[in-house]
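What follows is the content of data21.cif (mmCIF, C-alpha atoms and all ligand atoms).
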```cif
data_model
loop_
_atom_site.label_atom_id
_atom_site.label_comp_id
_atom_site.auth_asym_id
_atom_site.auth_seq_id
_atom_site.Cartn_x
_atom_site.Cartn_y
_atom_site.Cartn_z
CA MET A 78 38.24 33.39 -86.95
CA HIS A 79 35.00 32.28 -88.55
CA LEU A 80 33.51 29.59 -86.36
CA LYS A 81 31.78 26.73 -88.10
CA LYS A 82 28.14 26.15 -87.41
CA ARG A 83 27.66 23.08 -85.21
CA VAL A 84 24.63 21.06 -86.20
CA LEU A 85 22.92 18.17 -84.41
CA VAL A 86 21.23 15.56 -86.57
CA THR A 87 19.12 13.13 -84.55
CA GLY A 88 18.52 9.86 -86.37
CA GLY A 89 21.74 10.70 -88.21
CA ALA A 90 22.73 7.07 -88.83
CA GLY A 91 19.43 6.36 -90.57
CA PHE A 92 18.56 6.62 -94.23
CA LEU A 93 17.73 10.33 -94.52
CA GLY A 94 19.96 11.34 -91.60
CA SER A 95 23.11 9.86 -93.11
CA HIS A 96 22.58 11.78 -96.35
CA LEU A 97 21.87 14.96 -94.41
CA CYS A 98 25.07 14.56 -92.33
CA LYS A 99 27.09 14.13 -95.53
CA ARG A 100 25.52 17.23 -97.06
CA LEU A 101 26.12 19.35 -93.94
CA LEU A 102 29.79 18.31 -93.84
CA ALA A 103 30.08 19.31 -97.51
CA ASP A 104 28.61 22.69 -96.49
CA ASN A 105 31.46 23.00 -93.97
CA CYS A 106 29.41 22.46 -90.81
CA GLU A 107 30.48 20.55 -87.73
CA VAL A 108 28.06 17.66 -87.42
CA VAL A 109 27.00 15.81 -84.30
CA CYS A 110 25.23 12.69 -85.49
CA LEU A 111 23.03 11.21 -82.76
CA ASP A 112 21.42 7.79 -83.05
CA ASN A 113 20.40 4.85 -80.88
CA CYS A 114 21.00 2.54 -83.87
CA PHE A 115 17.52 1.01 -83.69
CA THR A 116 16.99 1.11 -87.46
CA GLY A 117 20.04 3.10 -88.45
CA SER A 118 23.52 1.68 -88.61
CA LYS A 119 27.12 2.77 -88.36
CA GLN A 120 27.52 1.33 -91.85
CA ASN A 121 25.56 4.30 -93.23
CA ILE A 122 27.97 6.81 -91.70
CA LEU A 123 31.17 4.84 -92.04
CA PRO A 124 32.47 7.07 -94.85
CA LEU A 125 31.96 10.13 -92.60
CA MET A 126 33.73 8.76 -89.51
CA SER A 127 37.19 9.90 -90.57
CA ASN A 128 36.06 13.50 -91.08
CA PRO A 129 37.32 15.63 -88.14
CA ASN A 130 34.13 17.73 -88.34
CA PHE A 131 32.00 14.64 -87.72
CA GLU A 132 31.11 13.10 -84.38
CA PHE A 133 28.85 10.13 -83.61
CA LEU A 134 26.88 10.01 -80.39
CA ARG A 135 24.95 6.89 -79.36
CA HIS A 136 21.92 8.17 -77.47
CA ASP A 137 18.17 7.71 -77.26
CA ILE A 138 16.29 11.02 -77.58
CA THR A 139 13.58 9.89 -75.18
CA PHE A 140 16.22 10.79 -72.55
CA PRO A 141 17.46 14.34 -71.95
CA LEU A 142 20.56 15.49 -73.80
CA PHE A 143 22.96 18.21 -72.79
CA ILE A 144 25.32 19.31 -75.55
CA GLU A 145 26.08 22.62 -77.28
CA VAL A 146 24.95 23.14 -80.88
CA ASP A 147 23.63 25.95 -83.10
CA GLU A 148 21.02 24.05 -85.06
CA ILE A 149 19.04 20.84 -84.67
CA TYR A 150 17.47 18.59 -87.29
CA ASN A 151 15.20 16.17 -85.42
CA LEU A 152 14.93 13.06 -87.58
CA ALA A 153 15.08 10.29 -84.97
CA CYS A 154 12.10 7.96 -85.35
CA PRO A 155 11.64 4.63 -87.10
CA ALA A 156 9.90 5.39 -90.38
CA SER A 157 8.77 2.13 -91.90
CA PRO A 158 5.59 0.38 -90.71
CA ILE A 159 7.29 -2.88 -89.64
CA HIS A 160 9.84 -0.98 -87.57
CA TYR A 161 7.53 1.56 -85.97
CA GLN A 162 4.98 -1.17 -85.18
CA HIS A 163 7.65 -3.40 -83.58
CA ASP A 164 7.49 -1.39 -80.34
CA PRO A 165 4.65 1.11 -80.84
CA VAL A 166 4.93 2.61 -77.34
CA GLN A 167 8.61 3.40 -77.94
CA THR A 168 7.63 4.94 -81.31
CA THR A 169 5.21 7.34 -79.64
CA LYS A 170 7.78 8.07 -76.92
CA THR A 171 10.40 8.84 -79.55
CA SER A 172 8.12 11.32 -81.28
CA VAL A 173 6.67 12.90 -78.15
CA HIS A 174 9.30 12.66 -75.35
CA GLY A 175 11.98 12.98 -78.03
CA ALA A 176 10.45 16.21 -79.34
CA ILE A 177 10.11 17.59 -75.79
CA ASN A 178 13.78 16.88 -75.07
CA MET A 179 15.02 18.30 -78.35
CA LEU A 180 12.80 21.38 -77.93
CA GLY A 181 14.08 21.78 -74.38
CA LEU A 182 17.61 21.60 -75.73
CA ALA A 183 16.81 24.15 -78.46
CA LYS A 184 15.19 26.43 -75.89
CA ARG A 185 18.24 26.40 -73.61
CA LEU A 186 20.60 26.98 -76.54
CA LYS A 187 18.33 29.38 -78.48
CA ALA A 188 19.02 27.07 -81.41
CA LYS A 189 16.94 26.80 -84.56
CA ILE A 190 15.22 23.40 -84.76
CA MET A 191 13.64 21.46 -87.61
CA GLN A 192 11.21 18.58 -87.19
CA ALA A 193 11.02 15.74 -89.70
CA SER A 194 7.26 15.32 -89.84
CA THR A 195 5.46 13.21 -92.36
CA SER A 196 2.71 13.01 -94.94
CA GLU A 197 1.19 10.45 -92.54
CA VAL A 198 -0.20 13.39 -90.55
CA TYR A 199 -2.76 13.56 -93.39
CA GLY A 200 -3.71 9.91 -92.75
CA ASP A 201 -5.90 8.42 -95.49
CA PRO A 202 -6.54 11.83 -97.04
CA ALA A 203 -9.99 13.00 -98.11
CA VAL A 204 -8.35 15.91 -100.01
CA HIS A 205 -6.06 15.27 -102.94
CA PRO A 206 -3.30 16.40 -103.47
CA GLN A 207 -2.60 17.39 -99.88
CA PRO A 208 -1.87 21.06 -99.09
CA GLU A 209 -0.42 21.97 -95.68
CA SER A 210 -3.77 23.52 -94.71
CA TYR A 211 -5.47 20.10 -94.80
CA TRP A 212 -5.95 18.76 -91.24
CA GLY A 213 -5.92 15.10 -92.17
CA ASN A 214 -7.93 11.95 -91.68
CA VAL A 215 -6.10 9.86 -89.11
CA ASN A 216 -7.31 6.87 -87.11
CA PRO A 217 -6.22 7.55 -83.50
CA ILE A 218 -6.34 3.90 -82.36
CA GLY A 219 -5.07 1.82 -85.28
CA PHE A 220 -1.77 0.08 -85.99
CA ARG A 221 -0.33 3.14 -87.71
CA SER A 222 -1.46 5.54 -84.99
CA CYS A 223 1.71 5.36 -82.88
CA TYR A 224 3.54 6.88 -85.82
CA ASP A 225 0.86 9.21 -87.22
CA GLU A 226 -0.39 10.56 -83.92
CA GLY A 227 3.13 10.70 -82.45
CA LYS A 228 4.20 12.90 -85.36
CA ARG A 229 1.05 15.02 -85.06
CA CYS A 230 1.74 15.57 -81.36
CA ALA A 231 5.36 16.45 -82.14
CA GLU A 232 4.09 19.14 -84.52
CA THR A 233 1.80 20.43 -81.76
CA LEU A 234 4.76 20.61 -79.37
CA PHE A 235 6.86 22.47 -81.93
CA PHE A 236 4.15 25.09 -82.41
CA ASP A 237 3.49 25.43 -78.67
CA TYR A 238 7.22 25.90 -77.94
CA ARG A 239 7.16 28.59 -80.61
CA ARG A 240 4.11 30.31 -79.11
CA GLN A 241 5.19 29.93 -75.48
CA HIS A 242 8.98 30.27 -75.73
CA LYS A 243 9.51 32.05 -79.10
CA LEU A 244 11.59 29.18 -80.47
CA ARG A 245 12.73 29.32 -84.07
CA ILE A 246 11.09 26.21 -85.54
CA LYS A 247 10.73 24.63 -88.98
CA VAL A 248 8.43 21.71 -89.72
CA ALA A 249 8.91 19.60 -92.85
CA ARG A 250 6.20 17.14 -93.87
CA ILE A 251 8.10 14.50 -95.78
CA PHE A 252 6.45 12.32 -98.41
CA ASN A 253 7.78 8.86 -99.43
CA THR A 254 11.49 9.14 -100.12
CA TYR A 255 13.90 6.54 -101.47
CA GLY A 256 17.56 6.10 -102.35
CA PRO A 257 20.80 4.48 -101.19
CA ASN A 258 21.12 3.70 -97.44
CA MET A 259 17.48 2.67 -97.18
CA HIS A 260 17.19 -0.21 -94.77
CA PRO A 261 17.06 -3.34 -96.97
CA ASN A 262 14.54 -5.21 -94.77
CA ASP A 263 12.25 -2.47 -93.65
CA GLY A 264 9.40 -3.54 -95.87
CA ARG A 265 8.99 -0.27 -97.70
CA VAL A 266 7.80 -0.59 -101.22
CA VAL A 267 10.83 0.69 -103.16
CA SER A 268 13.34 -1.46 -101.26
CA ASN A 269 11.05 -4.51 -101.31
CA PHE A 270 10.47 -4.32 -105.05
CA ILE A 271 14.13 -3.71 -105.98
CA ILE A 272 15.38 -6.56 -103.78
CA GLN A 273 12.68 -8.94 -104.99
CA ALA A 274 13.43 -8.03 -108.63
CA LEU A 275 17.18 -8.49 -108.17
CA GLN A 276 16.64 -11.87 -106.51
CA GLY A 277 14.21 -13.01 -109.23
CA LYS A 278 11.46 -13.39 -106.62
CA PRO A 279 7.86 -12.26 -107.20
CA LEU A 280 7.15 -8.57 -106.49
CA THR A 281 4.64 -8.39 -103.62
CA VAL A 282 1.96 -5.89 -104.63
CA TYR A 283 -0.50 -5.24 -101.81
CA GLY A 284 -4.18 -5.01 -102.75
CA LYS A 285 -4.72 -4.44 -106.45
CA GLY A 286 -1.76 -2.08 -106.62
CA GLN A 287 -4.05 0.81 -107.57
CA GLN A 288 -3.17 2.86 -104.47
CA THR A 289 -0.84 5.74 -105.33
CA ARG A 290 2.30 7.24 -103.81
CA SER A 291 4.72 9.98 -104.84
CA PHE A 292 8.38 9.08 -104.56
CA CYS A 293 11.12 11.62 -103.92
CA TYR A 294 14.81 10.86 -104.46
CA VAL A 295 16.84 11.46 -101.29
CA ASP A 296 19.17 14.16 -102.71
CA ASP A 297 16.18 16.30 -103.64
CA LEU A 298 14.74 15.87 -100.16
CA VAL A 299 17.97 16.82 -98.39
CA GLU A 300 18.18 19.96 -100.53
CA GLY A 301 14.67 20.77 -99.32
CA PHE A 302 15.70 20.32 -95.65
CA VAL A 303 18.70 22.61 -96.00
CA ARG A 304 16.74 25.30 -97.82
CA LEU A 305 13.88 25.18 -95.34
CA MET A 306 16.37 25.55 -92.49
CA ASN A 307 18.58 28.25 -94.05
CA ASN A 308 16.68 30.06 -96.80
CA THR A 309 13.58 31.06 -94.89
CA GLY A 310 13.19 33.85 -92.35
CA ASP A 311 12.57 33.21 -88.65
CA ASP A 312 8.89 34.03 -89.22
CA PHE A 313 8.50 31.04 -91.51
CA THR A 314 7.77 27.89 -89.54
CA GLY A 315 6.07 25.73 -92.13
CA PRO A 316 4.72 23.09 -92.03
CA ALA A 317 6.04 22.69 -95.55
CA ASN A 318 5.40 19.64 -97.67
CA LEU A 319 8.57 18.10 -99.14
CA GLY A 320 8.04 15.43 -101.74
CA ASN A 321 7.89 14.72 -105.41
CA PRO A 322 4.50 15.53 -106.94
CA GLY A 323 4.90 12.79 -109.59
CA GLU A 324 2.20 10.27 -108.62
CA PHE A 325 2.37 6.57 -109.47
CA THR A 326 0.22 3.56 -108.71
CA ILE A 327 2.08 0.80 -106.90
CA LEU A 328 1.59 -1.39 -109.95
CA GLU A 329 3.28 1.26 -112.13
CA LEU A 330 6.18 1.34 -109.69
CA ALA A 331 6.47 -2.45 -109.90
CA GLU A 332 6.66 -2.25 -113.68
CA LEU A 333 9.34 0.46 -113.57
CA VAL A 334 11.42 -1.59 -111.15
CA LEU A 335 11.17 -4.61 -113.45
CA LYS A 336 12.22 -2.47 -116.41
CA HIS A 337 15.23 -0.90 -114.72
CA THR A 338 16.52 -4.06 -113.08
CA GLY A 339 15.88 -6.08 -116.25
CA SER A 340 14.24 -8.68 -114.01
CA LYS A 341 11.85 -11.38 -115.16
CA SER A 342 10.12 -11.55 -111.76
CA LYS A 343 6.35 -12.03 -111.69
CA ILE A 344 3.90 -9.96 -109.66
CA ASP A 345 2.28 -11.56 -106.62
CA PHE A 346 -0.84 -9.83 -105.24
CA LYS A 347 -1.07 -9.84 -101.42
CA PRO A 348 -3.69 -8.50 -98.97
CA LEU A 349 -3.77 -4.74 -98.44
CA PRO A 350 -2.60 -3.77 -94.92
CA GLU A 351 -5.09 -2.08 -92.57
CA ASP A 352 -5.37 1.72 -92.85
CA ASP A 353 -3.21 1.79 -95.99
CA PRO A 354 -3.80 5.23 -97.57
CA LYS A 355 -5.36 4.95 -101.03
CA GLN A 356 -3.62 7.93 -102.54
CA ARG A 357 -0.90 10.37 -101.66
CA ARG A 358 0.66 13.28 -103.52
CA PRO A 359 2.18 16.44 -102.09
CA ASP A 360 1.06 19.90 -103.05
CA ILE A 361 4.45 21.66 -102.95
CA THR A 362 3.28 25.16 -103.93
CA LEU A 363 4.41 26.50 -100.53
CA ALA A 364 7.98 25.13 -100.71
CA LYS A 365 8.28 26.39 -104.28
CA SER A 366 7.13 29.90 -103.49
CA VAL A 367 8.86 30.38 -100.11
CA PHE A 368 12.23 28.71 -100.61
CA GLY A 369 12.31 27.96 -104.31
CA TRP A 370 12.41 24.20 -103.87
CA GLU A 371 11.16 21.49 -106.14
CA PRO A 372 12.52 18.03 -106.94
CA THR A 373 14.70 17.65 -110.01
CA ILE A 374 15.17 13.86 -110.13
CA LYS A 375 12.48 11.83 -111.87
CA LEU A 376 11.48 8.40 -110.54
CA GLU A 377 13.17 6.44 -113.33
CA GLU A 378 16.43 8.37 -112.84
CA GLY A 379 16.28 7.89 -109.08
CA LEU A 380 15.66 4.16 -109.45
CA GLU A 381 18.76 3.95 -111.66
CA LYS A 382 20.78 5.57 -108.85
CA THR A 383 19.27 3.32 -106.17
CA ILE A 384 19.44 -0.12 -107.78
CA PRO A 385 23.28 -0.37 -107.62
CA TYR A 386 23.16 0.20 -103.83
CA PHE A 387 20.86 -2.79 -103.34
CA LYS A 388 22.94 -4.89 -105.77
CA LYS A 389 25.98 -4.21 -103.60
CA ILE A 390 24.12 -5.12 -100.42
CA LEU A 391 22.93 -8.40 -101.89
CA GLU A 392 26.43 -9.24 -103.16
CA SER A 393 27.97 -8.68 -99.72
CA ALA A 394 25.19 -10.52 -97.83
P1 LIG B 1 15.35 5.49 -90.59
O1 LIG B 1 14.63 4.47 -89.79
O2 LIG B 1 16.34 5.05 -91.58
O3 LIG B 1 16.03 6.57 -89.65
C1 LIG B 1 15.57 6.90 -88.38
C2 LIG B 1 16.77 6.90 -87.44
O4 LIG B 1 16.34 7.27 -86.13
C3 LIG B 1 17.42 5.52 -87.32
O5 LIG B 1 18.81 5.66 -87.53
C4 LIG B 1 17.09 5.09 -85.90
O6 LIG B 1 18.07 4.23 -85.35
C5 LIG B 1 16.99 6.41 -85.19
N1 LIG B 1 16.15 6.38 -83.98
C6 LIG B 1 14.93 5.82 -83.83
N2 LIG B 1 14.48 6.02 -82.59
C7 LIG B 1 15.44 6.75 -81.94
C8 LIG B 1 15.57 7.25 -80.63
N3 LIG B 1 14.59 7.09 -79.72
N4 LIG B 1 16.68 7.93 -80.30
C9 LIG B 1 17.68 8.10 -81.21
N5 LIG B 1 17.62 7.63 -82.46
C10 LIG B 1 16.51 6.97 -82.82
O7 LIG B 1 14.21 6.36 -91.30
P2 LIG B 1 14.33 7.56 -92.34
O8 LIG B 1 13.58 7.15 -93.54
O9 LIG B 1 15.71 8.04 -92.47
O10 LIG B 1 13.46 8.66 -91.59
C11 LIG B 1 14.04 9.77 -90.93
C12 LIG B 1 12.94 10.70 -90.45
O11 LIG B 1 12.18 11.17 -91.57
C13 LIG B 1 11.97 10.01 -89.50
O12 LIG B 1 11.60 10.93 -88.49
C14 LIG B 1 10.77 9.72 -90.37
O13 LIG B 1 9.58 9.71 -89.63
C15 LIG B 1 10.82 10.88 -91.36
N6 LIG B 1 10.16 10.52 -92.63
C16 LIG B 1 10.78 9.69 -93.54
C17 LIG B 1 10.11 9.38 -94.71
C18 LIG B 1 10.73 8.49 -95.77
O14 LIG B 1 10.10 8.23 -96.80
N7 LIG B 1 11.94 8.01 -95.62
C19 LIG B 1 8.83 9.90 -94.97
C20 LIG B 1 8.25 10.70 -94.00
C21 LIG B 1 8.92 11.03 -92.84
N1 LIG B 2 16.26 19.18 -71.91
C1 LIG B 2 17.33 18.55 -72.50
N2 LIG B 2 18.46 19.28 -72.76
C2 LIG B 2 18.57 20.60 -72.44
C3 LIG B 2 17.46 21.23 -71.86
C4 LIG B 2 16.31 20.48 -71.60
O1 LIG B 2 17.27 17.36 -72.81
O2 LIG B 2 19.61 21.17 -72.72
C5 LIG B 2 15.05 18.40 -71.63
C6 LIG B 2 14.67 18.50 -70.18
O3 LIG B 2 15.13 17.35 -69.53
C7 LIG B 2 13.18 18.61 -70.17
C8 LIG B 2 12.78 18.84 -71.62
O4 LIG B 2 13.98 18.96 -72.36
O5 LIG B 2 12.59 17.38 -69.79
C9 LIG B 2 11.96 20.08 -71.81
O6 LIG B 2 12.69 21.19 -71.39
P1 LIG B 2 11.96 22.52 -70.92
O7 LIG B 2 12.99 23.49 -70.52
O8 LIG B 2 10.99 22.96 -71.95
O9 LIG B 2 11.04 22.02 -69.74
P2 LIG B 2 11.28 21.87 -68.19
O10 LIG B 2 12.72 21.53 -67.98
O11 LIG B 2 10.91 23.20 -67.67
O12 LIG B 2 10.36 20.77 -67.83
N1 LIG B 3 3.43 -1.96 -100.72
C1 LIG B 3 3.31 -3.00 -101.61
N2 LIG B 3 4.23 -4.02 -101.54
C2 LIG B 3 5.26 -4.02 -100.66
C3 LIG B 3 5.39 -2.94 -99.76
C4 LIG B 3 4.45 -1.92 -99.81
O1 LIG B 3 2.41 -3.03 -102.44
O2 LIG B 3 6.05 -4.98 -100.68
C5 LIG B 3 2.47 -0.83 -100.81
C6 LIG B 3 1.82 -0.45 -99.49
O3 LIG B 3 0.66 -1.21 -99.27
C7 LIG B 3 1.52 1.03 -99.71
C8 LIG B 3 2.64 1.49 -100.64
O4 LIG B 3 3.18 0.31 -101.23
O5 LIG B 3 0.29 1.19 -100.38
C9 LIG B 3 3.75 2.25 -99.92
O6 LIG B 3 4.15 1.48 -98.78
P1 LIG B 3 5.36 1.88 -97.84
O7 LIG B 3 5.32 0.96 -96.68
O8 LIG B 3 6.58 1.98 -98.65
O9 LIG B 3 5.03 3.37 -97.38
P2 LIG B 3 3.71 4.07 -96.78
O10 LIG B 3 2.57 3.10 -96.70
O11 LIG B 3 4.15 4.55 -95.46
O12 LIG B 3 3.43 5.14 -97.76
#
```
Spell out the structure here as structure tokens.
Amino acid sequence: MHLKKRVLVTGGAGFLGSHLCKRLLADNCEVVCLDNCFTGSKQNILPLMSNPNFEFLRHDITFPLFIEVDEIYNLACPASPIHYQHDPVQTTKTSVHGAINMLGLAKRLKAKIMQASTSEVYGDPAVHPQPESYWGNVNPIGFRSCYDEGKRCAETLFFDYRRQHKLRIKVARIFNTYGPNMHPNDGRVVSNFIIQALQGKPLTVYGKGQQTRSFCYVDDLVEGFVRLMNNTGDDFTGPANLGNPGEFTILELAELVLKHTGSKSKIDFKPLPEDDPKQRRPDITLAKSVFGWEPTIKLEEGLEKTIPYFKKILESA
């Protein structure tokens, strides 16, 4: 009998994790979804609960974990500034102790393991767009450092486990991603703007809104995860940038959100947070050439798919 692949997704009840779990089930995998429900919620995985190939495990990855799986996607970590700055020491622990535990697990099981890293490893980049070879410009002692430096250290651990213990690793550097199941109150720009627009409240643009970001729709990103994990040889570790190279100023995003929600909200300019990167756009040449990945969903199309999710949340609130 052909045994199904059993896959662990840490942070599986979060935004990206819940979409990844759904995709893996559709690919006929057994999925162990692990989460401590800090920012994720059972609501995100409710539709998966009745699937016999799906299992939810409440656990904090800063503690050791002994289960049997074939592959690990390590996504557990709060991703939005207000959440990761709520308990910065726990954020660093999640990235660092969490990576050590998941790598220890992968080592014992000889399992392939993927790390959800971030464009934040480039900090406020002095090179634009950012290729994987750029080492970054990160403040080690600022408010964002628990996240940025935690993720950088996790990457170091992944590469040292590879060098020391021959682990099969994959590192994805994720750029800003949006879509349904985003936490409504996590302060990220896409969710903030859509909710503000739907409620007829002013859109809070930080600074002059001239800073740029590149926004990837979640389905495109999950496709990138799965290809990086499955369609590359064991010699390919990454890091590989995953993101949408379409670059927009925050003000442009605000205007698109107003257009697609049909809202009459005004724009309210607020102070720019400390260490806020001025520009960010992935160079995805590597992902394109190695595993044939590039996003297919344009920002306006993705916003159209995302707005109904927030409408539903507001209606049920
Ligand atoms: P999210 O906050 O929705 O999901 C993270 C999940 O991890 C949550 O369900 C949370 O409860 C869980 N978690 C946090 N600490 C944990 C711990 N110690 N043990 C177990 N579970 C824990 O965020 P997301 O946007 O889905 O991000 C998922 C991953 O992708 C994160 O590692 C994040 O750093 C990375 N990432 C996301 C983006 C993005 O734009 N969404 C960009 C770059 C990187
Ligand atoms: N670990 C785990 N599950 C396992 C194997 C290891 O959580 O199945 C943890 C273990 O508790 C340890 C960490 O992963 O703290 C690193 O494991 P490794 O084998 O690399 O280190 P060691 O146990 O030698 O310190
Ligand atoms: N931002 C904004 N208004 C908001 C939330 C965010 O103008 O209500 C800006 C923020 O200053 C940053 C960009 O939007 O320049 C993206 O912020 P987010 O927190 O979504 O992600 P990150 O800073 O991690 O890229």
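Coordinates place CA of Gln120 in chain A at a distance of 16.8 Å from CA of Ala153 in chain A.
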Sphere at (12.4, 34.5, -98.5), radius 7 Å, counting all atoms listed in the file: residues as a ChimeraX atom specification:
/A:308-310,367-368
Could you list, with a cut-off of 7 Å and counting all atoms listed in the file, the residues of chain A near ligand LIG 1 (chain B), each shown with its nearest atom pair and the distance in Å rounded to one decimal, rows sorted by chain and ascending number, as a Markdown table?
```
| residue | atom | partner | partner_atom | distance |
| --- | --- | --- | --- | --- |
| A:Thr87 | CA | B:LIG1 | N5 | 6.1 |
| A:Gly88 | CA | B:LIG1 | O4 | 3.4 |
| A:Gly89 | CA | B:LIG1 | O5 | 5.9 |
| A:Ala90 | CA | B:LIG1 | O5 | 4.4 |
| A:Gly91 | CA | B:LIG1 | O5 | 3.2 |
| A:Phe92 | CA | B:LIG1 | O9 | 3.6 |
| A:Leu93 | CA | B:LIG1 | O9 | 3.7 |
| A:Gly94 | CA | B:LIG1 | O9 | 5.5 |
| A:Leu111 | CA | B:LIG1 | C9 | 6.4 |
| A:Asp112 | CA | B:LIG1 | N5 | 3.8 |
| A:Asn113 | CA | B:LIG1 | N5 | 4.2 |
| A:Cys114 | CA | B:LIG1 | O6 | 3.7 |
| A:Phe115 | CA | B:LIG1 | O6 | 3.7 |
| A:Thr116 | CA | B:LIG1 | O6 | 3.9 |
| A:Gly117 | CA | B:LIG1 | O5 | 3.0 |
| A:Ser118 | CA | B:LIG1 | O5 | 6.3 |
| A:His136 | CA | B:LIG1 | C9 | 5.7 |
| A:Asp137 | CA | B:LIG1 | N4 | 3.4 |
| A:Ile138 | CA | B:LIG1 | N4 | 4.1 |
| A:Thr139 | CA | B:LIG1 | N3 | 5.4 |
| A:Leu152 | CA | B:LIG1 | O12 | 4.1 |
| A:Ala153 | CA | B:LIG1 | O4 | 3.5 |
| A:Cys154 | CA | B:LIG1 | C6 | 3.9 |
| A:Pro155 | CA | B:LIG1 | O1 | 4.0 |
| A:Ala156 | CA | B:LIG1 | O13 | 4.4 |
| A:Ser157 | CA | B:LIG1 | O1 | 6.7 |
| A:Thr171 | CA | B:LIG1 | N3 | 4.5 |
| A:Gly175 | CA | B:LIG1 | N3 | 6.7 |
| A:Ala193 | CA | B:LIG1 | O12 | 5.0 |
| A:Ser194 | CA | B:LIG1 | C21 | 5.5 |
| A:Thr195 | CA | B:LIG1 | C20 | 4.1 |
| A:Ser196 | CA | B:LIG1 | C20 | 6.1 |
| A:Arg250 | CA | B:LIG1 | C20 | 6.8 |
| A:Ile251 | CA | B:LIG1 | C20 | 4.2 |
| A:Phe252 | CA | B:LIG1 | C19 | 4.8 |
| A:Asn253 | CA | B:LIG1 | O14 | 3.6 |
| A:Thr254 | CA | B:LIG1 | O14 | 3.7 |
| A:Tyr255 | CA | B:LIG1 | O14 | 6.3 |
| A:Met259 | CA | B:LIG1 | O2 | 6.2 |
| A:His260 | CA | B:LIG1 | O2 | 6.2 |
```
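With distances restricted to all atoms listed in the file, A:Val108 is the closest residue to Arg83 in chain A from A:Met191, A:Leu319, A:Val108, A:Ile271.
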Hey, could you pull the box centre and edge lengths for range 137-153 of chain A, axis-aligned, 8 Å padding per side, all listed atoms, to one decimal in Å, as AutoDock Vina command-line options?
```
--center_x 19.8 --center_y 16.8 --center_z -79.8 --size_x 28.5 --size_y 34.2 --size_z 31.6
```
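The space between CA of Met179 in chain A and atom O1 of ligand LIG 2 (chain B) spans 6.1 Å.
Proximity to ligand LIG 2 (chain B) was assessed for A:Leu134, A:Ile149, A:Ile361, A:Leu186 counting all atoms listed in the file; the smallest distance is recorded for A:Leu186.
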Where does chain A meet ligand LIG 2 (chain B) within 9 Å, residue by residue, with the nearest atom pair and distance in Å to one decimal for each, counting all atoms listed in the file, listed by chain and rising number, as JSON lines?
```
{"residue": "A:Ile138", "atom": "CA", "partner": "B:LIG2", "partner_atom": "O1", "distance": 8.0}
{"residue": "A:Thr139", "atom": "CA", "partner": "B:LIG2", "partner_atom": "O1", "distance": 8.7}
{"residue": "A:Phe140", "atom": "CA", "partner": "B:LIG2", "partner_atom": "O1", "distance": 6.7}
{"residue": "A:Pro141", "atom": "CA", "partner": "B:LIG2", "partner_atom": "O1", "distance": 3.1}
{"residue": "A:Leu142", "atom": "CA", "partner": "B:LIG2", "partner_atom": "O1", "distance": 3.9}
{"residue": "A:Phe143", "atom": "CA", "partner": "B:LIG2", "partner_atom": "O2", "distance": 4.5}
{"residue": "A:Ile144", "atom": "CA", "partner": "B:LIG2", "partner_atom": "O2", "distance": 6.6}
{"residue": "A:Glu145", "atom": "CA", "partner": "B:LIG2", "partner_atom": "O2", "distance": 8.0}
{"residue": "A:His174", "atom": "CA", "partner": "B:LIG2", "partner_atom": "O5", "distance": 8.0}
{"residue": "A:Gly175", "atom": "CA", "partner": "B:LIG2", "partner_atom": "O4", "distance": 8.5}
{"residue": "A:Ala176", "atom": "CA", "partner": "B:LIG2", "partner_atom": "O4", "distance": 8.3}
{"residue": "A:Ile177", "atom": "CA", "partner": "B:LIG2", "partner_atom": "C9", "distance": 5.0}
{"residue": "A:Asn178", "atom": "CA", "partner": "B:LIG2", "partner_atom": "O4", "distance": 3.4}
{"residue": "A:Met179", "atom": "CA", "partner": "B:LIG2", "partner_atom": "O1", "distance": 6.1}
{"residue": "A:Leu180", "atom": "CA", "partner": "B:LIG2", "partner_atom": "O4", "distance": 6.2}
{"residue": "A:Gly181", "atom": "CA", "partner": "B:LIG2", "partner_atom": "O6", "distance": 3.3}
{"residue": "A:Leu182", "atom": "CA", "partner": "B:LIG2", "partner_atom": "C2", "distance": 3.6}
{"residue": "A:Ala183", "atom": "CA", "partner": "B:LIG2", "partner_atom": "O2", "distance": 7.0}
{"residue": "A:Lys184", "atom": "CA", "partner": "B:LIG2", "partner_atom": "O7", "distance": 6.5}
{"residue": "A:Arg185", "atom": "CA", "partner": "B:LIG2", "partner_atom": "O2", "distance": 5.5}
{"residue": "A:Leu186", "atom": "CA", "partner": "B:LIG2", "partner_atom": "O2", "distance": 7.0}
{"residue": "A:Tyr238", "atom": "CA", "partner": "B:LIG2", "partner_atom": "O8", "distance": 7.7}
{"residue": "A:His242", "atom": "CA", "partner": "B:LIG2", "partner_atom": "O8", "distance": 8.5}
```
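Note that CA of Leu376 in chain A and CA of Glu332 in chain A are 12.1 Å apart.
Nearest-residue note for Thr338 in chain A: choosing from A:Ser222, A:Gln276, A:Asn128, A:Asn258, the minimum distance belongs to A:Gln276, counting all atoms listed in the file.
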Any idea what's packed within 10 Å of Leu363 in chain A, counting only C-alpha atoms, ignoring anything in its chain fewer than 3 positions away? Could you give it as a tab-separated table (two decimals) with C-alpha atoms, in the coordinates of the input?
```tsv
chain	number	residue	atom	x	y	z
A	208	PRO	CA	-1.87	21.06	-99.09
A	209	GLU	CA	-0.42	21.97	-95.68
A	315	GLY	CA	6.07	25.73	-92.13
A	316	PRO	CA	4.72	23.09	-92.03
A	317	ALA	CA	6.04	22.69	-95.55
A	318	ASN	CA	5.40	19.64	-97.67
A	319	LEU	CA	8.57	18.10	-99.14
A	360	ASP	CA	1.06	19.90	-103.05
A	366	SER	CA	7.13	29.90	-103.49
A	367	VAL	CA	8.86	30.38	-100.11
A	368	PHE	CA	12.23	28.71	-100.61
A	369	GLY	CA	12.31	27.96	-104.31
A	370	TRP	CA	12.41	24.20	-103.87
```
